[in-house]
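**Student:** Questions regarding the structure given below will be posed in turn.
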Amino acid sequence: MKRAAIYARFSSDLQETRSIGDQVTICCEYAHRQGYIVVRVYDDAAVSGASLHGRPGIRRLLADAEA
């Protein structure tokens with residue numbers, strides 16, 4: 001079976017924390033329909049997307065992908 005990782009984030013304190021959960025749910029449903037198994041979920045909450053600095057979730061995803 002094909003494997004997938006999910007990365008979810010929101011950028012400001014004005015958004016709700018459930019935004020990440022909603023993104024993950026939608027992505028998991030899509031992955032399942034496409035025949036993928038989700039092996040890991042990464043996230044960054046209330047962090048700007050302008051750079052990788054200060055975004056530990058995306059840095060972990062990239063490190064895991066390299067490994």
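Just remember, in the structure tokens the first chain shown is A, the second B, etc., residues are 1-based per chain, and ligands are 1-based in the order shown.
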What lies within 12 Å of A:Gln23 using only C-alpha atoms, ignoring chain neighbours under 2 positions off, as a PyMOL selection string?
**Tutor:** chain A and resi 6-10+16-21+25-30+41-45
**Student:** Find, counting only C-alpha atoms, the residue in A:Val24, A:Leu61, A:Arg33, A:Arg40 that gets nearest to A:Arg3.
**Tutor:**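 Going through A:Val24, A:Leu61, A:Arg33, A:Arg40 one by one, the smallest distance to A:Arg3 is for A:Arg40.
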**Student:** So the first atom is atom CA of A:Gly35 and the second is atom CA of A:Lys2; what is the distance between them in Å, to one decimal place?
**Tutor:** 6.7 Å
**Student:** So which one's closest to A:Ile37, A:Ser11, A:Gly57, A:Ala67, A:Ala5? Using only C-alpha atoms, please.
**Tutor:**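 Using only C-alpha atoms, A:Ile37 sits closest to A:Ala5.
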**Student:** Please indicate the distance in Å from atom CA of A:Ala31 to atom CA of A:Gly54, rounded to one decimal place.
**Tutor:**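 About the pair atom CA of A:Ala31 and atom CA of A:Gly54: they are 27.7 Å apart.
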